[in-house]
$ cat coords_34.txt   # compact mmCIF, C-alpha atoms
# COMPACT_ATOMS: atom_id res chain seq x y z
CA MET I 1 12.21 -36.02 -178.35
CA ASN I 2 15.97 -36.18 -178.16
CA ASN I 3 17.01 -35.15 -174.66
CA CYS I 4 20.71 -35.78 -174.97
CA ARG I 5 23.84 -34.34 -176.47
CA THR I 6 24.67 -35.72 -179.91
CA TRP I 7 28.28 -36.10 -181.00
CA PRO I 8 29.45 -36.27 -184.65
CA TYR I 9 28.80 -39.56 -186.39
CA ILE I 10 28.55 -41.08 -189.83
CA ARG I 11 24.98 -41.59 -190.93
CA ALA I 12 23.93 -44.99 -192.28
CA ALA I 13 22.61 -45.32 -195.83
CA ARG I 14 18.95 -44.57 -196.47
CA MET I 15 16.75 -47.63 -196.62
CA ALA I 16 13.74 -48.72 -198.65
CA ALA I 17 10.14 -48.69 -197.47
CA LEU I 18 9.79 -51.91 -195.49
CA ALA I 19 9.56 -51.08 -191.78
CA VAL I 20 11.22 -53.04 -189.00
CA ALA I 21 10.52 -52.66 -185.30
CA ALA I 22 12.90 -54.79 -183.25
CA ILE I 23 13.91 -55.08 -179.62
CA ALA I 24 17.12 -55.96 -177.81
CA MET I 25 17.07 -56.54 -174.06
CA ILE I 26 19.60 -56.54 -171.23
CA ALA I 27 18.58 -58.07 -167.92
CA GLY I 28 20.05 -55.91 -165.19
CA ALA I 29 20.57 -56.27 -161.47
CA LEU I 30 18.28 -58.51 -159.42
CA ARG I 31 16.89 -56.57 -156.48
CA ALA I 32 14.17 -57.28 -153.94
CA GLN I 33 13.04 -53.69 -154.56
CA CYS I 34 13.06 -52.14 -158.03
CA PRO I 35 11.63 -48.66 -157.53
CA ALA I 36 10.65 -46.08 -160.12
CA PRO I 37 13.58 -43.87 -161.13
CA LYS I 38 14.08 -40.83 -158.93
CA ALA I 39 13.61 -37.30 -160.24
CA SER I 40 17.40 -36.87 -160.40
CA GLU I 41 17.67 -39.89 -162.68
CA ARG I 42 14.89 -38.76 -165.02
CA SER I 43 16.38 -35.28 -165.27
CA ALA I 44 19.94 -36.50 -165.92
CA LYS I 45 20.61 -35.90 -169.61
CA PRO I 46 22.86 -38.51 -171.20
CA PHE I 47 25.70 -37.85 -173.58
CA ARG I 48 25.06 -39.76 -176.79
CA VAL I 49 27.98 -40.95 -178.90
CA ARG I 50 27.32 -42.49 -182.32
CA TRP I 51 29.88 -44.56 -184.19
CA ASP I 52 29.57 -46.82 -187.22
CA VAL I 53 29.75 -49.84 -184.92
CA GLY I 54 27.17 -48.69 -182.39
CA ASN I 55 25.77 -46.15 -179.95
CA LEU I 56 26.82 -45.24 -176.42
CA LEU I 57 24.86 -43.40 -173.74
CA VAL I 58 26.92 -42.03 -170.85
CA THR I 59 24.71 -40.66 -168.07
CA PRO I 60 25.84 -38.83 -164.91
CA ASP I 61 23.66 -39.21 -161.81
CA SER I 62 24.04 -38.55 -158.09
CA THR I 63 22.34 -41.83 -157.06
CA GLN I 64 23.52 -44.28 -159.74
CA GLY I 65 27.05 -43.10 -160.56
CA VAL I 66 28.02 -42.79 -164.22
CA SER I 67 26.13 -45.30 -166.36
CA PHE I 68 27.48 -46.70 -169.63
CA TRP I 69 24.99 -48.28 -172.02
CA PHE I 70 26.55 -49.41 -175.29
CA ALA I 71 24.76 -51.25 -178.09
CA THR I 72 25.96 -52.26 -181.53
CA ASN I 73 24.31 -50.71 -184.56
CA TRP I 74 21.42 -52.96 -185.62
CA ARG I 75 22.88 -53.19 -189.14
CA VAL I 76 26.32 -54.37 -188.00
CA GLN I 77 27.29 -57.79 -189.38
CA LEU I 78 29.76 -60.35 -188.06
CA ASP I 79 30.75 -63.20 -190.37
CA GLY I 80 27.86 -62.25 -192.63
CA GLN I 81 25.28 -62.30 -189.82
CA LYS I 82 23.61 -59.36 -188.11
CA VAL I 83 24.56 -59.27 -184.45
CA GLN I 84 23.30 -57.41 -181.40
CA ARG I 85 25.81 -56.88 -178.59
CA GLN I 86 25.18 -54.72 -175.55
CA PHE I 87 26.89 -53.57 -172.37
CA ASP I 88 25.23 -51.84 -169.42
CA ASP I 89 26.93 -50.92 -166.13
CA ARG I 90 27.53 -48.09 -163.64
CA PHE I 91 30.85 -46.66 -162.53
CA GLU I 92 32.02 -44.73 -159.49
CA PRO I 93 33.15 -41.28 -160.72
CA ASP I 94 36.52 -41.19 -158.92
CA SER I 95 37.46 -44.63 -160.25
CA LEU I 96 36.37 -43.58 -163.73
CA ILE I 97 38.51 -40.43 -163.64
CA GLU I 98 41.56 -42.41 -162.49
CA TRP I 99 41.05 -44.91 -165.32
CA LEU I 100 40.72 -42.07 -167.83
CA ILE I 101 44.15 -40.76 -166.77
CA PHE I 102 45.77 -44.16 -167.39
CA THR I 103 43.95 -44.53 -170.71
CA ARG I 104 45.14 -41.14 -171.96
CA GLN I 105 48.70 -42.09 -171.01
CA LEU I 106 48.26 -45.28 -173.04
CA LEU I 107 47.11 -43.30 -176.08
CA ASP I 108 50.12 -40.98 -175.83
CA LEU I 109 52.66 -43.84 -175.83
CA LYS I 110 54.82 -43.96 -178.96
CA ALA I 111 56.28 -47.40 -178.25
CA PRO I 112 56.17 -50.14 -175.60
CA LEU I 113 58.29 -49.56 -172.53
CA PRO I 114 61.85 -51.02 -172.54
CA ASN I 115 61.97 -54.77 -171.80
CA ASP I 116 58.20 -55.03 -172.37
CA THR I 117 57.66 -58.11 -174.54
CA SER I 118 53.86 -58.23 -174.32
CA THR I 119 51.77 -58.24 -177.48
CA ALA I 120 49.59 -55.37 -176.24
CA VAL I 121 49.60 -52.53 -173.73
CA THR I 122 46.39 -51.91 -171.78
CA SER I 123 44.78 -49.18 -169.73
CA GLY I 124 44.02 -51.53 -166.85
CA TYR I 125 40.53 -52.63 -165.89
CA LEU I 126 37.68 -50.25 -165.16
CA ARG I 127 35.37 -52.26 -162.89
CA GLY I 128 31.68 -51.45 -162.76
CA LEU I 129 29.38 -51.35 -159.74
CA ASP I 130 27.33 -54.17 -161.31
CA GLY I 131 30.31 -56.40 -162.12
CA GLY I 132 31.19 -55.36 -165.66
CA ILE I 133 34.68 -54.53 -166.97
CA ILE I 134 35.99 -52.12 -169.61
CA VAL I 135 39.58 -52.16 -170.88
CA VAL I 136 41.35 -50.31 -173.72
CA ALA I 137 44.39 -51.86 -175.42
CA ARG I 138 46.88 -51.01 -178.17
CA LEU I 139 48.54 -53.85 -180.05
CA ARG I 140 52.27 -54.02 -180.70
CA LYS I 141 53.41 -53.44 -184.29
CA GLY I 142 57.11 -54.25 -184.34
CA LYS I 143 58.85 -51.71 -182.11
CA LYS I 144 55.85 -49.40 -182.12
CA LEU I 145 52.20 -49.51 -181.08
CA SER I 146 49.19 -49.53 -183.38
CA ASN I 147 47.60 -46.14 -183.97
CA LYS I 148 44.22 -47.70 -183.27
CA ALA I 149 42.89 -48.97 -179.96
CA ARG I 150 40.73 -51.94 -179.10
CA VAL I 151 37.93 -51.53 -176.59
CA LEU I 152 36.67 -54.57 -174.67
CA MET I 153 33.45 -54.52 -172.61
CA VAL I 154 32.60 -57.61 -170.58
CA GLN I 155 29.59 -58.50 -168.47
CA LYS I 156 29.06 -61.75 -166.62
CA ASP I 157 27.03 -64.31 -168.59
CA SER I 158 27.02 -62.07 -171.68
CA THR I 159 28.93 -62.15 -174.95
CA PRO I 160 31.87 -59.71 -174.70
CA VAL I 161 31.82 -56.61 -176.89
CA LEU I 162 35.13 -56.02 -178.70
CA PHE I 163 35.73 -53.39 -181.37
CA GLU I 164 38.54 -51.29 -182.81
CA MET I 165 38.56 -47.48 -182.80
CA ASP I 166 40.73 -44.71 -184.19
CA ARG I 167 42.29 -42.07 -181.93
CA TRP I 168 39.55 -39.50 -182.58
CA SER I 169 36.83 -41.96 -181.56
CA VAL I 170 38.65 -42.98 -178.38
CA ASP I 171 39.20 -39.32 -177.48
CA THR I 172 35.46 -38.74 -177.89
CA LEU I 173 34.75 -41.64 -175.53
CA LEU I 174 37.20 -40.30 -172.94
CA ASN I 175 35.98 -36.69 -173.17
CA VAL I 176 32.34 -37.70 -172.75
CA SER I 177 33.22 -39.98 -169.83
CA ASP I 178 35.21 -37.23 -168.15
CA ALA I 179 32.37 -34.72 -168.51
CA ALA I 180 29.88 -37.21 -167.05
CA ALA I 181 32.17 -38.08 -164.12
CA GLN I 182 32.59 -34.40 -163.30
CA ARG I 183 28.82 -33.89 -163.24
CA SER I 184 27.95 -36.95 -161.15
CA GLY I 185 27.73 -36.35 -157.42
CA TYR I 186 27.56 -40.05 -156.64
CA ARG I 187 29.54 -41.41 -153.73
CA PRO I 188 29.29 -45.08 -152.70
CA THR I 189 27.67 -45.82 -149.36
CA PRO I 190 30.00 -47.74 -146.99
CA GLY I 191 29.02 -51.40 -147.07
CA GLU I 192 26.83 -50.91 -150.15
CA PRO I 193 26.09 -54.41 -151.52
CA ALA I 194 27.17 -55.23 -155.05
CA SER I 195 24.36 -55.93 -157.49
CA ALA I 196 26.38 -58.23 -159.74
CA PRO I 197 24.77 -61.58 -160.63
CA GLN I 198 25.03 -64.24 -157.95
CA PRO I 199 25.20 -68.06 -158.23
CA GLY I 200 21.69 -69.41 -158.65
CA ASP I 201 20.34 -66.30 -160.38
CA THR I 202 18.29 -66.66 -163.54
CA PRO I 203 17.45 -63.46 -165.44
CA VAL I 204 14.22 -62.19 -166.90
CA TRP I 205 13.42 -63.84 -170.21
CA PRO I 206 10.67 -62.82 -172.67
CA VAL I 207 7.87 -65.30 -173.27
CA GLU I 208 7.89 -66.28 -176.94
CA SER I 209 5.42 -64.14 -178.83
CA LYS I 210 4.73 -62.96 -182.37
CA ARG I 211 4.01 -59.45 -181.09
CA SER I 212 6.35 -56.62 -182.05
CA PRO I 213 6.28 -52.88 -181.48
CA HIS I 214 4.10 -50.96 -183.93
CA TYR I 215 5.99 -48.73 -186.35
CA PRO I 216 4.09 -45.39 -186.31
CA SER I 217 2.69 -44.98 -189.80
CA SER I 218 3.22 -41.21 -189.87
CA LEU I 219 6.95 -41.68 -189.25
CA GLN I 220 7.24 -44.65 -191.60
CA GLN I 221 5.67 -42.72 -194.48
CA ARG I 222 8.19 -39.91 -194.00
CA GLY I 223 11.10 -42.36 -193.85
CA ILE I 224 11.94 -41.43 -190.25
CA GLU I 225 13.95 -43.97 -188.26
CA GLY I 226 14.82 -43.91 -184.60
CA GLU I 227 15.26 -45.73 -181.32
CA VAL I 228 13.93 -45.77 -177.79
CA TRP I 229 16.29 -46.87 -175.02
CA ALA I 230 14.08 -47.74 -172.06
CA ARG I 231 14.56 -48.94 -168.50
CA TYR I 232 11.89 -50.60 -166.39
CA CYS I 233 11.29 -53.38 -163.86
CA VAL I 234 9.68 -56.77 -164.42
CA GLY I 235 7.76 -58.05 -161.40
CA VAL I 236 7.43 -61.52 -159.97
CA ASP I 237 4.29 -61.99 -162.09
CA GLY I 238 6.28 -61.50 -165.32
CA ARG I 239 4.62 -58.19 -166.15
CA VAL I 240 6.25 -54.80 -166.63
CA ASP I 241 5.69 -52.37 -163.78
CA MET I 242 4.91 -49.34 -165.94
CA SER I 243 5.40 -46.97 -163.00
CA THR I 244 9.12 -47.74 -163.33
CA PHE I 245 9.27 -47.11 -167.09
CA TRP I 246 11.87 -44.52 -168.08
CA ALA I 247 12.79 -43.60 -171.65
CA GLN I 248 16.45 -42.73 -171.17
CA LEU I 249 16.62 -41.91 -174.87
CA SER I 250 13.76 -41.33 -177.30
CA ASP I 251 14.20 -40.11 -180.86
CA ASP I 252 10.50 -39.27 -181.20
CA GLU I 253 7.45 -39.17 -178.91
CA GLU I 254 5.56 -41.52 -181.25
CA PHE I 255 8.32 -44.13 -181.01
CA GLU I 256 8.18 -43.84 -177.23
CA ARG I 257 4.41 -44.23 -177.23
CA SER I 258 4.75 -47.39 -179.34
CA ALA I 259 7.31 -48.81 -176.90
CA ARG I 260 5.01 -48.13 -173.96
CA GLU I 261 2.06 -49.79 -175.69
CA TYR I 262 4.17 -52.83 -176.46
CA LEU I 263 5.37 -53.21 -172.86
CA VAL I 264 1.86 -52.98 -171.40
CA GLY I 265 1.04 -56.30 -173.09
CA ALA I 266 4.50 -57.89 -172.86
CA ARG I 267 4.98 -61.05 -170.79
CA TYR I 268 8.21 -62.40 -169.31
CA MET I 269 9.47 -65.33 -167.33
CA PRO I 270 10.39 -63.54 -164.08
CA ALA I 271 13.92 -63.53 -162.74
CA THR I 272 14.65 -65.92 -159.89
CA ARG I 273 17.17 -66.15 -157.07
CA ASN I 274 17.60 -69.63 -155.61
CA GLY I 275 14.34 -70.63 -157.30
CA THR I 276 12.30 -67.74 -155.91
CA PRO I 277 10.84 -65.16 -158.33
CA ILE I 278 12.23 -61.67 -157.81
CA ARG I 279 11.90 -58.26 -159.45
CA GLN I 280 14.57 -57.33 -161.96
CA ALA I 281 15.68 -54.15 -163.66
CA VAL I 282 15.74 -54.36 -167.46
CA ALA I 283 17.33 -52.16 -170.13
CA GLN I 284 15.71 -52.55 -173.56
CA ARG I 285 16.27 -50.96 -176.97
CA PHE I 286 13.37 -50.49 -179.34
CA ILE I 287 14.71 -50.07 -182.89
CA PHE I 288 12.52 -48.56 -185.60
CA GLY I 289 14.22 -48.88 -188.97
CA LEU I 290 13.49 -49.29 -192.67
CA ARG I 291 14.83 -52.35 -194.45
CA ARG I 292 17.19 -51.99 -197.39
$ encode --input "coords_34.txt" --output "structure tokens"
Amino acid sequence: MNNCRTWPYIRAARMAALAVAAIAMIAGALRAQCPAPKASERSAKPFRVRWDVGNLLVTPDSTQGVSFWFATNWRVQLDGQKVQRQFDDRFEPDSLIEWLIFTRQLLDLKAPLPNDTSTAVTSGYLRGLDGGIIVVARLRKGKKLSNKARVLMVQKDSTPVLFEMDRWSVDTLLNVSDAAAQRSGYRPTPGEPASAPQPGDTPVWPVESKRSPHYPSSLQQRGIEGEVWARYCVGVDGRVDMSTFWAQLSDDEEFERSAREYLVGARYMPATRNGTPIRQAVAQRFIFGLRR
């Protein structure tokens, strides 16, 4: 079940028959209430962008703004080691559109402005509703600017995500973001509190376990790989509130069923604020792949 738009991408090499089911989690905003997603959220279809380096879901919604969820490809290596980097935040549509204008101007520049001695020219910061930041930069190459752009995504208490993209890939990012911003009817409520992490917060953390999601045998035998990108809330008892489960992306119903079954038995150390357990929103990728 693929309920999103798929943009062109380069497919990874086919793998051998050893199955892998892995998970990668982002602890989201700490909230006293963490309700089940509204009907408007469940019906909002994300734009899916696939690059060699990773995947991006951009989702327009009238209650959450425009959400960006980026995750590196599970086969990506850094210094010979496989790495998992993620970014998850929401953006106010008007601010996103303004940032897109500046970023397009940056891409159209042929050379740095006169008397500009900086080593790079940037788009300026796009600040998220949950405290994250995105910035696009082009490095100086003599009297000109590099044809490629660097994209930096930063969340508090998380490892920054930095990667280089060609012009076509950046244009895809901007076009998808623009389409999502135009479709989102979100407007911030005056005095709406920020949900960024606060001093004294500790996020949800999984209790160490040898359990892993089950790779559906019917899909494994046919060499089918896929992912489930799920959102849910973990309660003060460290258990997943399955009424809040939402598969924002699912490549197959059997993968989604496996993710659900895993979460029913999953246990976590609950998030705390000033030492008191509190519910927390979580974004989690379930990756079903076949080892080389």
$ residues_around --input "coords_34.txt" --residues "Asp166 in chain I" --least-positions-apart "6" --cutoff "10 Å" --atoms "all atoms listed in the file" --output "MDAnalysis selection string"
chainID I and resid 146:150
$ atom_distance --input "coords_34.txt" --atom1 "CA of Ala283 in chain I" --atom2 "CA of Ala230 in chain I"
5.8 Å
$ atom_distance --input "coords_34.txt" --atom1 "CA of Val58 in chain I" --atom2 "CA of Ala180 in chain I"
6.8 Å
$ closest_residue --input "coords_34.txt" --among "I:Lys143, I:Asp251, I:Val176, I:Pro160" --to "Asn115 in chain I" --atoms "only C-alpha atoms"
I:Lys143
$ atom_distance --input "coords_34.txt" --atom1 "CA of Cys233 in chain I" --atom2 "CA of Ala281 in chain I"
4.5 Å
$ closest_residue --input "coords_34.txt" --among "I:Arg85, I:Arg183, I:Lys141, I:Lys210" --to "Pro60 in chain I" --atoms "all atoms listed in the file"
I:Arg183
$ closest_residue --input "coords_34.txt" --among "I:Leu249, I:Ala179, I:Ala137, I:Leu107" --to "Pro93 in chain I" --atoms "only C-alpha atoms"
I:Ala179
$ closest_residue --input "coords_34.txt" --among "I:Pro203, I:Pro270, I:Gly65, I:Gly226" --to "Ser177 in chain I" --atoms "all atoms listed in the file"
I:Gly65
$ residues_around --input "coords_34.txt" --residues "Gly142 in chain I" --least-positions-apart "5" --cutoff "10 Å" --atoms "all atoms listed in the file" --output "PyMOL selection string"
chain I and resi 111-112+119
$ closest_residue --input "coords_34.txt" --among "I:Thr103, I:Arg267, I:Gln221, I:Gln284" --to "Phe245 in chain I" --atoms "only C-alpha atoms"
I:Gln284
$ closest_residue --input "coords_34.txt" --among "I:Trp229, I:Arg138, I:Pro206, I:Arg90" --to "Leu109 in chain I" --atoms "all atoms listed in the file"
I:Arg138
$ residues_around --input "coords_34.txt" --residues "Leu57 in chain I" --least-positions-apart "6" --cutoff "6 Å" --atoms "all atoms listed in the file" --output "tab-separated table (two decimals) with C-alpha atoms, keeping the file's coordinate frame"
chain	number	residue	atom	x	y	z
I	46	PRO	CA	22.86	-38.51	-171.20
I	47	PHE	CA	25.70	-37.85	-173.58
I	48	ARG	CA	25.06	-39.76	-176.79
I	68	PHE	CA	27.48	-46.70	-169.63
I	69	TRP	CA	24.99	-48.28	-172.02
$ residues_near_point --input "coords_34.txt" --point "(52.2, -52.3, -172.3)" --cutoff "10 Å" --atoms "only C-alpha atoms" --output "number ranges by chain"
I: 106, 109, 111-114, 116-124, 137-140, 145
